[in-house]
>>> print(open('work-v4.txt').read())   # compact mmCIF, C-alpha atoms
# COMPACT_ATOMS: atom_id res chain seq x y z
CA MET A 1 -1.30 -89.96 14.18
CA ARG A 2 -1.35 -86.69 12.28
CA ILE A 3 1.80 -84.86 11.25
CA VAL A 4 1.49 -81.79 9.04
CA LEU A 5 4.71 -79.86 8.49
CA ALA A 6 4.97 -76.20 7.57
CA TYR A 7 8.31 -75.58 5.88
CA GLN A 8 8.10 -71.79 5.70
CA SER A 9 6.87 -71.17 9.23
CA GLY A 10 10.28 -70.58 10.80
CA VAL A 11 9.52 -73.20 13.49
CA PRO A 12 12.22 -75.90 13.25
CA ILE A 13 10.94 -79.09 11.62
CA TYR A 14 12.03 -81.34 14.51
CA GLU A 15 10.09 -79.08 16.87
CA GLN A 16 6.95 -79.38 14.74
CA ILE A 17 7.23 -83.17 14.64
CA LYS A 18 7.80 -83.27 18.39
CA GLU A 19 4.85 -81.02 19.22
CA GLN A 20 2.47 -82.89 16.94
CA ILE A 21 3.40 -86.30 18.34
CA LYS A 22 3.00 -84.83 21.80
CA ALA A 23 -0.48 -83.63 20.88
CA SER A 24 -1.38 -87.11 19.61
CA VAL A 25 -0.15 -88.67 22.84
CA LEU A 26 -1.99 -86.17 25.02
CA SER A 27 -5.24 -86.56 23.12
CA GLY A 28 -4.99 -90.31 23.57
CA GLU A 29 -4.91 -90.83 19.83
CA LEU A 30 -1.55 -92.54 20.33
CA PRO A 31 -2.25 -94.97 23.16
CA GLU A 32 0.29 -96.28 25.68
CA ASN A 33 2.67 -98.90 24.23
CA GLU A 34 1.88 -97.93 20.67
CA LEU A 35 4.91 -98.54 18.43
CA LEU A 36 6.05 -95.43 16.59
CA PRO A 37 7.54 -95.60 13.07
CA SER A 38 11.32 -96.18 13.07
CA ILE A 39 13.49 -93.08 12.89
CA ARG A 40 14.67 -93.95 9.38
CA GLN A 41 11.29 -94.96 8.02
CA PHE A 42 9.73 -91.83 9.47
CA ALA A 43 12.39 -89.59 7.94
CA ARG A 44 11.69 -91.16 4.58
CA ASP A 45 7.91 -90.77 4.94
CA LEU A 46 8.05 -87.15 6.07
CA LYS A 47 10.79 -86.32 3.55
CA VAL A 48 13.05 -84.92 6.23
CA SER A 49 16.60 -85.80 7.24
CA VAL A 50 17.36 -88.66 9.61
CA ILE A 51 18.89 -86.20 12.08
CA THR A 52 15.59 -84.31 12.21
CA THR A 53 13.51 -87.31 13.27
CA THR A 54 16.29 -88.46 15.61
CA ARG A 55 16.22 -85.09 17.31
CA ALA A 56 12.42 -85.12 17.66
CA TYR A 57 12.45 -88.62 19.16
CA ASN A 58 15.31 -87.80 21.53
CA ASP A 59 13.43 -84.78 22.85
CA LEU A 60 10.22 -86.77 23.26
CA GLU A 61 12.14 -89.40 25.18
CA LEU A 62 13.74 -86.78 27.43
CA GLU A 63 10.35 -85.23 28.11
CA GLY A 64 8.90 -88.59 29.05
CA TYR A 65 6.49 -89.17 26.19
CA ILE A 66 8.17 -92.10 24.52
CA GLN A 67 10.61 -94.85 25.39
CA THR A 68 13.21 -96.52 23.20
CA VAL A 69 13.58 -100.26 23.51
CA PRO A 70 16.92 -101.17 21.89
CA GLY A 71 16.48 -103.41 18.87
CA LYS A 72 12.71 -103.01 18.91
CA GLY A 73 11.75 -99.41 18.47
CA CYS A 74 10.13 -96.44 20.15
CA TYR A 75 6.98 -96.87 22.20
CA VAL A 76 4.52 -94.41 23.67
CA LYS A 77 5.04 -94.30 27.42
CA ARG A 78 2.47 -94.39 30.17
CA ILE A 79 1.59 -90.77 30.74
CA ASN A 80 2.38 -89.56 34.26
CA GLY A 81 0.40 -87.13 36.39
CA ASP A 82 2.29 -84.07 35.20
CA LEU A 83 1.46 -84.90 31.63
CA ILE A 84 -2.21 -85.25 32.42
CA LYS A 85 -1.99 -81.91 34.18
CA ALA A 86 -0.44 -80.40 31.09
CA LYS A 87 -3.21 -81.87 29.00
CA HIS A 88 -5.91 -80.42 31.25
CA LEU A 89 -4.19 -77.07 31.19
CA ALA A 90 -4.13 -77.11 27.41
CA GLU A 91 -7.83 -77.95 27.29
CA THR A 92 -8.60 -75.21 29.79
CA LYS A 93 -6.78 -72.71 27.61
CA THR A 94 -8.71 -73.77 24.53
CA ALA A 95 -12.04 -73.59 26.33
CA MET A 96 -11.11 -70.23 27.81
CA ALA A 97 -10.22 -68.86 24.38
CA THR A 98 -13.59 -70.00 23.06
CA ALA A 99 -15.36 -68.37 26.01
CA VAL A 100 -13.52 -65.07 25.53
CA ARG A 101 -14.23 -65.05 21.79
CA GLN A 102 -17.92 -65.69 22.36
CA GLY A 103 -17.96 -63.07 25.12
CA LYS A 104 -16.50 -60.46 22.81
CA LEU A 105 -19.16 -61.28 20.22
CA ALA A 106 -21.71 -60.66 22.97
CA GLY A 107 -20.05 -57.31 23.69
CA LEU A 108 -18.72 -58.22 27.17
CA THR A 109 -15.92 -56.14 28.66
CA THR A 110 -12.87 -57.60 30.44
CA ALA A 111 -14.53 -56.86 33.78
CA ASP A 112 -17.70 -58.65 32.66
CA LEU A 113 -15.61 -61.68 31.68
CA HIS A 114 -13.79 -61.77 35.04
CA HIS A 115 -17.11 -61.49 36.84
CA LEU A 116 -18.56 -64.31 34.76
CA LEU A 117 -15.54 -66.51 35.49
CA ASP A 118 -15.88 -65.97 39.26
CA GLU A 119 -19.59 -66.71 39.04
CA THR A 120 -19.04 -69.92 37.03
CA GLU A 121 -16.31 -71.09 39.35
CA GLY A 122 -18.65 -70.59 42.31
CA THR A 123 -21.24 -72.92 40.82
CA ILE A 124 -18.73 -75.79 40.31
CA LYS A 125 -17.62 -77.62 43.44
CA MET B 1 33.09 -98.10 12.16
CA ASN B 2 31.77 -94.62 12.72
CA ASN B 3 32.91 -92.73 9.69
CA ALA B 4 32.19 -93.84 6.16
CA ILE B 5 34.76 -91.40 4.82
CA GLU B 6 37.87 -89.96 6.49
CA ILE B 7 40.01 -87.48 4.64
CA LYS B 8 43.13 -85.98 6.15
CA ASN B 9 45.31 -83.23 4.72
CA LEU B 10 44.48 -84.19 1.17
CA SER B 11 46.27 -82.11 -1.46
CA LYS B 12 46.30 -82.09 -5.20
CA ARG B 13 47.81 -79.45 -7.44
CA TYR B 14 46.70 -78.86 -11.00
CA LYS B 15 47.98 -76.10 -13.23
CA ASN B 16 45.28 -73.65 -12.25
CA PHE B 17 43.89 -75.20 -9.12
CA LEU B 18 45.03 -76.29 -5.69
CA LEU B 19 43.16 -78.62 -3.37
CA ASP B 20 44.75 -77.29 -0.25
CA GLY B 21 45.25 -79.99 2.40
CA ILE B 22 41.58 -80.61 3.08
CA SER B 23 40.32 -82.73 5.98
CA PHE B 24 36.79 -83.90 6.73
CA SER B 25 34.85 -86.96 7.77
CA VAL B 26 31.43 -88.31 6.86
CA PRO B 27 29.60 -90.29 9.57
CA SER B 28 28.08 -93.52 8.34
CA GLY B 29 24.31 -93.89 8.22
CA TYR B 30 23.48 -90.41 6.99
CA ILE B 31 23.19 -88.23 3.94
CA CYS B 32 26.02 -85.79 3.56
CA GLY B 33 25.87 -83.02 1.00
CA PHE B 34 29.07 -81.73 -0.57
CA ILE B 35 28.51 -78.17 -1.67
CA GLY B 36 30.55 -75.47 -3.31
CA GLN B 37 30.68 -73.38 -6.44
CA ASN B 38 31.66 -74.77 -9.79
CA GLY B 39 35.42 -75.25 -9.75
CA ALA B 40 35.70 -75.26 -5.95
CA GLY B 41 37.13 -78.79 -5.95
CA LYS B 42 34.13 -81.09 -5.52
CA THR B 43 34.78 -83.40 -8.46
CA THR B 44 38.54 -83.39 -7.83
CA THR B 45 37.95 -84.55 -4.25
CA MET B 46 35.60 -87.30 -5.40
CA LYS B 47 37.99 -88.47 -8.08
CA LEU B 48 40.79 -88.67 -5.52
CA MET B 49 38.54 -90.67 -3.23
CA LEU B 50 37.93 -93.14 -6.03
CA ASN B 51 41.58 -93.33 -7.00
CA MET B 52 40.63 -91.90 -10.40
CA ALA B 53 43.20 -89.17 -9.86
CA LEU B 54 46.44 -89.44 -7.92
CA LYS B 55 46.79 -87.42 -4.76
CA ASP B 56 49.93 -85.38 -4.09
CA SER B 57 49.69 -85.99 -0.37
CA GLY B 58 47.27 -86.82 2.42
CA GLU B 59 45.19 -89.74 3.59
CA ILE B 60 41.93 -91.13 2.25
CA GLU B 61 39.99 -93.79 4.08
CA VAL B 62 36.68 -95.03 2.72
CA LEU B 63 34.61 -97.62 4.64
CA GLY B 64 37.67 -98.30 6.77
CA LYS B 65 39.86 -99.10 3.80
CA SER B 66 42.55 -97.11 2.08
CA GLY B 67 41.28 -95.24 -0.97
CA ASP B 68 43.46 -97.27 -3.35
CA ASP B 69 42.22 -100.66 -2.08
CA GLU B 70 40.61 -102.23 -5.15
CA SER B 71 38.26 -104.43 -3.10
CA LEU B 72 36.59 -101.20 -2.03
CA LYS B 73 34.96 -100.72 -5.41
CA GLU B 74 32.44 -103.50 -4.81
CA GLU B 75 31.09 -101.77 -1.75
CA LEU B 76 30.64 -98.43 -3.45
CA GLY B 77 27.90 -97.15 -5.66
CA VAL B 78 29.29 -94.43 -7.86
CA LEU B 79 27.50 -92.12 -10.21
CA PHE B 80 29.07 -89.12 -11.89
CA ASP B 81 27.01 -86.44 -13.56
CA GLN B 82 26.49 -88.59 -16.64
CA PRO B 83 26.67 -92.39 -16.73
CA TYR B 84 28.71 -93.73 -19.64
CA PHE B 85 27.57 -96.87 -21.38
CA GLN B 86 27.95 -98.16 -24.90
CA GLU B 87 25.44 -96.14 -26.93
CA ASP B 88 23.90 -99.14 -28.69
CA TRP B 89 23.36 -101.18 -25.53
CA ASN B 90 20.02 -101.54 -23.83
CA PRO B 91 19.59 -102.10 -20.05
CA ILE B 92 19.80 -105.90 -20.54
CA ASP B 93 23.14 -105.63 -22.38
CA ILE B 94 24.38 -103.25 -19.71
CA GLU B 95 23.53 -105.71 -16.95
CA ARG B 96 25.45 -108.41 -18.80
CA ALA B 97 28.48 -106.11 -18.97
CA VAL B 98 28.58 -104.88 -15.37
CA LYS B 99 27.38 -108.01 -13.53
CA PRO B 100 30.76 -109.85 -13.58
CA PHE B 101 32.35 -107.00 -11.61
CA TYR B 102 30.12 -107.46 -8.58
CA ARG B 103 29.87 -110.56 -6.44
CA GLN B 104 26.76 -109.11 -4.82
CA TRP B 105 24.98 -108.32 -8.08
CA ASP B 106 21.23 -108.68 -7.61
CA SER B 107 19.53 -109.19 -10.94
CA LYS B 108 16.07 -109.20 -9.41
CA ALA B 109 16.66 -105.85 -7.72
CA TYR B 110 18.02 -104.40 -10.98
CA HIS B 111 14.89 -105.34 -12.89
CA GLN B 112 12.70 -104.05 -10.08
CA TYR B 113 14.47 -100.70 -10.30
CA LEU B 114 14.04 -100.65 -14.09
CA ALA B 115 10.31 -101.22 -13.62
CA LYS B 116 10.11 -98.66 -10.84
CA PHE B 117 11.85 -96.05 -12.97
CA SER B 118 9.67 -96.97 -15.99
CA LEU B 119 12.72 -97.91 -18.06
CA ASP B 120 12.25 -100.23 -21.02
CA PRO B 121 14.83 -103.07 -20.77
CA LYS B 122 14.95 -103.13 -24.59
CA GLN B 123 15.51 -99.43 -25.21
CA LYS B 124 18.94 -98.40 -26.46
CA PHE B 125 21.01 -96.14 -24.23
CA LYS B 126 21.43 -93.51 -26.94
CA ALA B 127 17.67 -93.16 -27.30
CA MET B 128 17.20 -92.29 -23.63
CA SER B 129 16.65 -88.80 -22.22
CA ARG B 130 19.08 -87.41 -19.67
CA GLY B 131 16.67 -88.24 -16.86
CA MET B 132 16.32 -91.82 -18.06
CA LYS B 133 20.09 -92.21 -18.30
CA MET B 134 20.51 -90.97 -14.73
CA LYS B 135 17.83 -93.38 -13.54
CA LEU B 136 19.52 -96.24 -15.36
CA GLY B 137 22.80 -95.23 -13.72
CA MET B 138 21.07 -95.27 -10.33
CA ALA B 139 19.55 -98.70 -11.04
CA VAL B 140 23.05 -100.09 -11.72
CA THR B 141 24.43 -98.27 -8.67
CA LEU B 142 21.76 -99.63 -6.36
CA SER B 143 21.77 -103.25 -7.52
CA HIS B 144 24.92 -104.53 -5.85
CA ASP B 145 24.21 -103.81 -2.19
CA ALA B 146 26.58 -100.84 -1.96
CA LYS B 147 27.23 -99.50 1.54
CA LEU B 148 28.20 -96.06 0.37
CA LEU B 149 26.92 -94.05 -2.56
CA LEU B 150 29.29 -91.47 -4.00
CA LEU B 151 27.32 -89.28 -6.34
CA ASP B 152 28.63 -86.30 -8.23
CA GLU B 153 25.89 -83.85 -9.20
CA PRO B 154 23.28 -86.61 -9.48
CA THR B 155 20.41 -84.16 -9.81
CA SER B 156 21.87 -81.50 -12.08
CA GLY B 157 20.20 -81.20 -15.45
CA LEU B 158 17.09 -83.01 -14.25
CA ASP B 159 13.68 -81.36 -14.23
CA PRO B 160 11.99 -80.73 -10.84
CA VAL B 161 9.77 -83.82 -11.07
CA MET B 162 12.68 -86.07 -11.93
CA ARG B 163 14.81 -84.51 -9.19
CA ASP B 164 12.14 -85.21 -6.65
CA GLU B 165 11.95 -88.83 -7.80
CA MET B 166 15.72 -89.09 -7.47
CA LEU B 167 15.60 -87.75 -3.91
CA ASP B 168 12.93 -90.33 -3.09
CA VAL B 169 15.28 -93.04 -4.31
CA PHE B 170 17.93 -91.72 -1.89
CA ARG B 171 15.45 -91.72 0.97
CA ASP B 172 14.38 -95.30 0.24
CA TYR B 173 18.00 -96.39 0.12
CA LEU B 174 18.70 -94.85 3.50
CA VAL B 175 15.84 -96.60 5.32
CA GLU B 176 18.26 -99.46 6.00
CA GLU B 177 20.89 -98.73 8.60
CA ASP B 178 24.62 -98.46 7.93
CA ARG B 179 24.13 -96.96 4.52
CA THR B 180 25.63 -93.64 3.64
CA ILE B 181 25.18 -91.19 0.80
CA PHE B 182 27.78 -88.58 -0.05
CA PHE B 183 26.67 -86.36 -2.86
CA SER B 184 27.95 -83.21 -4.38
CA THR B 185 25.64 -80.63 -5.78
CA HIS B 186 25.32 -76.95 -6.39
CA ILE B 187 21.52 -77.25 -6.29
CA THR B 188 21.39 -76.70 -2.56
CA SER B 189 17.59 -76.75 -2.36
CA ASP B 190 17.84 -80.52 -2.82
CA LEU B 191 19.80 -80.68 0.40
CA GLU B 192 17.68 -78.39 2.57
CA LYS B 193 15.31 -81.14 3.59
CA ILE B 194 17.26 -84.30 2.96
CA ALA B 195 20.83 -83.75 4.17
CA ASP B 196 22.02 -84.48 7.69
CA TYR B 197 25.55 -83.20 7.24
CA ILE B 198 27.15 -80.60 5.01
CA ILE B 199 30.70 -80.30 3.77
CA TYR B 200 31.23 -76.90 2.18
CA ILE B 201 34.25 -76.36 -0.03
CA GLN B 202 35.42 -73.03 -1.39
CA ASP B 203 38.48 -72.50 -3.59
CA GLY B 204 40.01 -75.83 -2.64
CA ARG B 205 39.48 -75.35 1.11
CA ILE B 206 36.85 -76.75 3.46
CA VAL B 207 34.98 -73.86 5.04
CA TYR B 208 32.39 -75.90 6.94
CA SER B 209 31.95 -79.50 7.86
CA GLY B 210 29.25 -80.58 10.30
CA LEU B 211 25.51 -80.80 10.91
CA LYS B 212 23.37 -79.01 8.35
CA ASP B 213 21.00 -77.68 11.02
CA GLU B 214 23.85 -76.17 13.01
CA LEU B 215 24.98 -74.32 9.91
CA THR B 216 21.58 -72.94 8.97
CA GLU B 217 20.66 -72.12 12.58
CA LYS B 218 23.88 -70.21 13.12
CA TYR B 219 23.09 -67.46 10.65
CA CYS B 220 20.18 -65.27 9.65
CA LEU B 221 19.46 -62.75 6.96
CA ILE B 222 19.05 -59.15 7.95
CA ARG B 223 17.67 -56.26 5.92
CA GLY B 224 17.12 -52.68 6.84
CA GLY B 225 16.60 -49.20 5.50
CA GLU B 226 19.08 -46.36 5.19
CA GLY B 227 20.74 -45.60 8.53
CA ASP B 228 19.62 -48.89 10.13
CA LEU B 229 23.11 -50.39 10.14
CA PRO B 230 25.07 -49.37 13.27
CA GLN B 231 28.78 -48.69 12.64
CA ASP B 232 29.93 -51.30 15.15
CA LYS B 233 27.85 -54.01 13.42
CA ARG B 234 29.52 -53.50 10.08
CA LYS B 235 32.35 -55.93 10.77
CA SER B 236 29.88 -58.68 11.80
CA MET B 237 28.04 -58.54 8.49
CA ILE B 238 28.73 -61.29 5.98
CA GLY B 239 28.23 -60.48 2.32
CA LEU B 240 26.99 -56.98 3.13
CA ARG B 241 25.35 -55.19 0.23
CA GLU B 242 24.43 -51.56 0.60
CA HIS B 243 22.23 -49.63 -1.78
CA THR B 244 20.59 -46.22 -1.95
CA ALA B 245 17.65 -47.17 0.27
CA GLY B 246 19.22 -49.55 2.75
CA PHE B 247 21.31 -52.66 3.25
CA GLU B 248 21.09 -56.42 3.31
CA GLY B 249 23.38 -59.22 4.38
CA MET B 250 23.92 -62.21 6.60
CA ILE B 251 24.91 -62.20 10.25
CA GLU B 252 25.34 -64.68 13.09
CA VAL B 253 22.13 -65.03 15.10
CA THR B 254 23.96 -64.09 18.30
CA GLU B 255 24.95 -60.76 16.72
CA THR B 256 21.44 -59.52 15.98
CA GLY B 257 21.15 -57.35 19.10
CA GLY B 258 21.77 -53.63 18.65
CA PHE B 259 19.84 -53.14 15.43
CA PRO B 260 16.82 -50.81 15.34
CA PRO B 261 13.47 -52.69 15.57
CA GLU B 262 12.60 -51.81 11.96
CA VAL B 263 15.04 -54.29 10.46
CA VAL B 264 13.76 -57.56 9.01
CA ILE B 265 15.39 -60.77 10.20
CA GLU B 266 14.80 -64.02 8.36
CA THR B 267 16.09 -67.59 8.47
CA VAL B 268 18.76 -68.59 5.96
CA THR B 269 18.86 -71.36 3.40
CA LEU B 270 22.05 -73.10 2.30
CA GLU B 271 21.84 -71.08 -0.87
CA ASP B 272 21.83 -67.82 1.09
CA ILE B 273 24.88 -69.00 2.99
CA MET B 274 26.75 -69.87 -0.20
CA VAL B 275 25.87 -66.59 -1.86
CA HIS B 276 26.84 -64.43 1.10
CA MET B 277 29.99 -66.37 1.89
CA SER B 278 31.26 -66.11 -1.64
CA ARG B 279 30.51 -62.38 -1.66
CA ASN B 280 32.67 -62.02 1.42
CA GLY B 281 35.38 -64.41 0.32
CA GLU B 282 35.85 -65.33 3.96
CA THR B 283 35.79 -68.61 5.83
CA LEU B 284 33.10 -69.51 8.35
>>> encode(input="work-v4.txt", output="structure tokens")
Amino acid sequence: MRIVLAYQSGVPIYEQIKEQIKASVLSGELPENELLPSIRQFARDLKVSVITTTRAYNDLELEGYIQTVPGKGCYVKRINGDLIKAKHLAETKTAMATAVRQGKLAGLTTADLHHLLDETEGTIK
Amino acid sequence: MNNAIEIKNLSKRYKNFLLDGISFSVPSGYICGFIGQNGAGKTTTMKLMLNMALKDSGEIEVLGKSGDDESLKEELGVLFDQPYFQEDWNPIDIERAVKPFYRQWDSKAYHQYLAKFSLDPKQKFKAMSRGMKMKLGMAVTLSHDAKLLLLDEPTSGLDPVMRDEMLDVFRDYLVEEDRTIFFSTHITSDLEKIADYIIYIQDGRIVYSGLKDELTEKYCLIRGGEGDLPQDKRKSMIGLREHTAGFEGMIEVTETGGFPPEVVIETVTLEDIMVHMSRNGETL
């Protein structure tokens, strides 16, 4: 799992932790049933307050990414269909961004890009 | 037990100072920073908590016991801005002197801390630097399984490297549950990342007590050029400073509507809050 925090970014630290764990879960880097570091240990490691990691974990639990087993710890949950959808959407956006960037390098206009998208979609069943 | 510290209507009058019926509580299991300017009443409050000064009125409950319960002392780790030990003693002599006071004294842990802090067990106290003395004080404080650390300005006078090491010690201590740290400081940058709760005292009164994030998320800094400050926003500004080319100050995040788009809005630090609050002389 990768967590890199930006302290000056204006994005709350708990939000950054949450989003990065989410990314690790979605990419499959954190597999189902993987035990996450304890809230206190994690706060110590990341040099943040205990409330910060608690907040990140609570949000992740609410959003269905992790599950707390009392007395044992927090585990990565089985990802449901919606999550997979979200993952595919994220990948689509990344691929699309790459396509648009490349297109601009090739001097394509917005209309050219739309046309190309329709054409590509037609070839994939 | 939910609160490590409970203070109700605590008052103490000195010739030139009044601690004015303060109340606050510190939840157990977290780090709570006690901030305020020099002379605001931080050390007085801590001394009253430790029964080192006599209160005029009010209630003090620490770890579920009354503040004057002597059995409490064993469960506390206390460090004031400078530890006092016999100048000619070395860490081994010091252990011999303090050990009888604690049933839970852990000699092994003490020596591990000495090694961790690179302290020579044979070096005399008087020959130590300020940083080394503070580390020695922490080693003593941490070696009797204290449930609550009460630290008064534990990082003041330390260089940045040493301060960071000190904060790491706090973090390690807090990995175990049911341990609480209450520490006063005017170096608020130490608290930005580490503290869960903040108690803010100003002129003998508590002006904020609660989650640190709620405090720093409530306000923002705002700066603008000449004519960018609408008349009706004036009263919402905290610590407003106007100059020939514009203005700057602090404001509640919910009040930021109604300014022209040219103004700059930034997040606040605890230091910003202290500076602007004291400029205003108002309570939160």
>>> atom_distance(input="work-v4.txt", atom1="CA of Val207 in chain B", atom2="CA of Phe80 in chain B")
23.5 Å
>>> atom_distance(input="work-v4.txt", atom1="CA of Lys12 in chain B", atom2="CA of Glu61 in chain B")
16.2 Å
>>> residues_around(input="work-v4.txt", residues="Ser71 in chain B", least_positions_apart="6", cutoff="12 Å", atoms="only C-alpha atoms", output="PyMOL selection string")
chain B and resi 50+62-65+101-103
>>> residues_around(input="work-v4.txt", residues="Tyr7 in chain A", least_positions_apart="4", cutoff="12 Å", atoms="only C-alpha atoms", output="list in words")
Val11, Pro12, Ile13, Tyr14, Glu15, Gln16, Ile17, Leu46, Lys47 and Val48 of chain A; Glu192, Lys193, Thr267 and Thr269 of chain B
>>> closest_residue(input="work-v4.txt", among="A:Ile124, A:Leu116, A:Leu89, A:Ile51", to="chain B", atoms="all atoms listed in the file")
A:Ile51
>>> closest_residue(input="work-v4.txt", among="B:Ser129, B:Ser66, B:Ser236, B:Ser209", to="Phe24 in chain B", atoms="all atoms listed in the file")
B:Ser209
>>> closest_atom_pairs(input="work-v4.txt", of="chain B", to="chain A", cutoff="6 Å", atoms="all atoms listed in the file", output="CSV")
residue,atom,partner,partner_atom,distance
B:Arg171,CA,A:Arg44,CA,5.2
B:Val175,CA,A:Arg40,CA,5.0
B:Lys193,CA,A:Val48,CA,5.1
B:Ile194,CA,A:Ser49,CA,4.6
B:Ala195,CA,A:Ser49,CA,5.6
B:Asp196,CA,A:Ser49,CA,5.6
>>> atom_distance(input="work-v4.txt", atom1="CA of Arg2 in chain A", atom2="CA of Tyr65 in chain A")
16.2 Å
>>> closest_residue(input="work-v4.txt", among="B:Thr254, B:Thr185, B:Gln37, B:Gln231", to="Glu217 in chain B", atoms="all atoms listed in the file")
B:Thr254
>>> residues_around(input="work-v4.txt", residues="range 153-166 of chain B", least_positions_apart="2", cutoff="9 Å", atoms="only C-alpha atoms", output="PyMOL selection string")
chain B and resi 43+79-82+117+130-131+134-135+138+151+168-171+183-187+190
>>> closest_residue(input="work-v4.txt", among="B:Glu87, B:Asp152, B:Asp106, B:Asp203", to="Gly21 in chain B", atoms="only C-alpha atoms")
B:Asp203
>>> residues_around(input="work-v4.txt", residues="Ile199 in chain B", least_positions_apart="5", cutoff="8 Å", atoms="all atoms listed in the file", output="PDB file with C-alpha atoms, in the coordinates of the input")
ATOM      1  CA  PHE B  24      36.790 -83.900   6.730  1.00  0.00           C
ATOM      2  CA  CYS B  32      26.020 -85.790   3.560  1.00  0.00           C
ATOM      3  CA  GLY B  33      25.870 -83.020   1.000  1.00  0.00           C
ATOM      4  CA  PHE B  34      29.070 -81.730  -0.570  1.00  0.00           C
ATOM      5  CA  ILE B  35      28.510 -78.170  -1.670  1.00  0.00           C
ATOM      6  CA  ILE B 206      36.850 -76.750   3.460  1.00  0.00           C
ATOM      7  CA  VAL B 207      34.980 -73.860   5.040  1.00  0.00           C
ATOM      8  CA  TYR B 208      32.390 -75.900   6.940  1.00  0.00           C
ATOM      9  CA  SER B 209      31.950 -79.500   7.860  1.00  0.00           C
ATOM     10  CA  GLY B 210      29.250 -80.580  10.300  1.00  0.00           C
TER      11      GLY B 210
END
>>> residues_near_point(input="work-v4.txt", point="(22.2, -58.3, 7.9)", cutoff="12 Å", atoms="all atoms listed in the file", output="ChimeraX atom specification")
/B:219-225,228-230,233-242,246-253,255-260,263-268,272,276
>>> closest_residue(input="work-v4.txt", among="B:Phe17, B:Phe85, B:Val140, B:Ala4", to="Gly29 in chain B", atoms="all atoms listed in the file")
B:Ala4
>>> closest_residue(input="work-v4.txt", among="B:Lys133, B:Gly58, B:Leu72, B:Gly204", to="Ala146 in chain B", atoms="only C-alpha atoms")
B:Leu72
>>> axis_aligned_box(input="work-v4.txt", around="range 66-84 of chain A", padding_each_side="8 Å", output="AutoDock Vina command-line options")
--center_x 7.4 --center_y -93.7 --center_z 27.4 --size_x 35.1 --size_y 35.3 --size_z 33.9
>>> residues_around(input="work-v4.txt", residues="Leu60 in chain A", least_positions_apart="2", cutoff="12 Å", atoms="all atoms listed in the file", output="ChimeraX atom specification")
/A:14-23,25,36,53-58,62-68,74-77
>>> decode(input="work-v4.txt", residues="range 68-77 of chain A", atoms="N, CA, C and O atoms", output="PDB file, in the first residue's frame")
ATOM      1  N   THR A  68     -14.609  -3.390  10.062  1.00  0.00           N
ATOM      2  CA  THR A  68     -13.927  -3.500  11.351  1.00  0.00           C
ATOM      3  C   THR A  68     -14.433  -4.726  12.096  1.00  0.00           C
ATOM      4  O   THR A  68     -15.634  -4.912  12.264  1.00  0.00           O
ATOM      5  N   VAL A  69     -13.508  -5.582  12.484  1.00  0.00           N
ATOM      6  CA  VAL A  69     -13.867  -6.721  13.312  1.00  0.00           C
ATOM      7  C   VAL A  69     -13.393  -6.396  14.725  1.00  0.00           C
ATOM      8  O   VAL A  69     -12.191  -6.276  14.952  1.00  0.00           O
ATOM      9  N   PRO A  70     -14.343  -6.188  15.655  1.00  0.00           N
ATOM     10  CA  PRO A  70     -13.954  -5.757  17.004  1.00  0.00           C
ATOM     11  C   PRO A  70     -12.899  -6.678  17.618  1.00  0.00           C
ATOM     12  O   PRO A  70     -13.007  -7.899  17.536  1.00  0.00           O
ATOM     13  N   GLY A  71     -11.882  -6.078  18.182  1.00  0.00           N
ATOM     14  CA  GLY A  71     -10.830  -6.846  18.836  1.00  0.00           C
ATOM     15  C   GLY A  71      -9.792  -7.409  17.884  1.00  0.00           C
ATOM     16  O   GLY A  71      -8.778  -7.959  18.304  1.00  0.00           O
ATOM     17  N   LYS A  72     -10.059  -7.318  16.573  1.00  0.00           N
ATOM     18  CA  LYS A  72      -9.095  -7.877  15.624  1.00  0.00           C
ATOM     19  C   LYS A  72      -8.462  -6.817  14.730  1.00  0.00           C
ATOM     20  O   LYS A  72      -7.264  -6.781  14.565  1.00  0.00           O
ATOM     21  N   GLY A  73      -9.294  -5.984  14.158  1.00  0.00           N
ATOM     22  CA  GLY A  73      -8.741  -4.944  13.315  1.00  0.00           C
ATOM     23  C   GLY A  73      -9.619  -4.645  12.117  1.00  0.00           C
ATOM     24  O   GLY A  73     -10.765  -5.083  12.047  1.00  0.00           O
ATOM     25  N   CYS A  74      -9.062  -3.910  11.172  1.00  0.00           N
ATOM     26  CA  CYS A  74      -9.808  -3.515   9.986  1.00  0.00           C
ATOM     27  C   CYS A  74      -9.351  -4.326   8.782  1.00  0.00           C
ATOM     28  O   CYS A  74      -8.155  -4.418   8.505  1.00  0.00           O
ATOM     29  N   TYR A  75     -10.314  -4.889   8.078  1.00  0.00           N
ATOM     30  CA  TYR A  75     -10.005  -5.714   6.920  1.00  0.00           C
ATOM     31  C   TYR A  75     -10.570  -5.109   5.648  1.00  0.00           C
ATOM     32  O   TYR A  75     -11.600  -4.444   5.679  1.00  0.00           O
ATOM     33  N   VAL A  76      -9.901  -5.389   4.530  1.00  0.00           N
ATOM     34  CA  VAL A  76     -10.422  -4.960   3.236  1.00  0.00           C
ATOM     35  C   VAL A  76     -11.622  -5.841   2.906  1.00  0.00           C
ATOM     36  O   VAL A  76     -11.570  -7.055   3.042  1.00  0.00           O
ATOM     37  N   LYS A  77     -12.711  -5.212   2.505  1.00  0.00           N
ATOM     38  CA  LYS A  77     -13.938  -5.946   2.212  1.00  0.00           C
ATOM     39  C   LYS A  77     -13.949  -6.466   0.779  1.00  0.00           C
ATOM     40  O   LYS A  77     -13.208  -5.965  -0.074  1.00  0.00           O
TER      41      LYS A  77
END
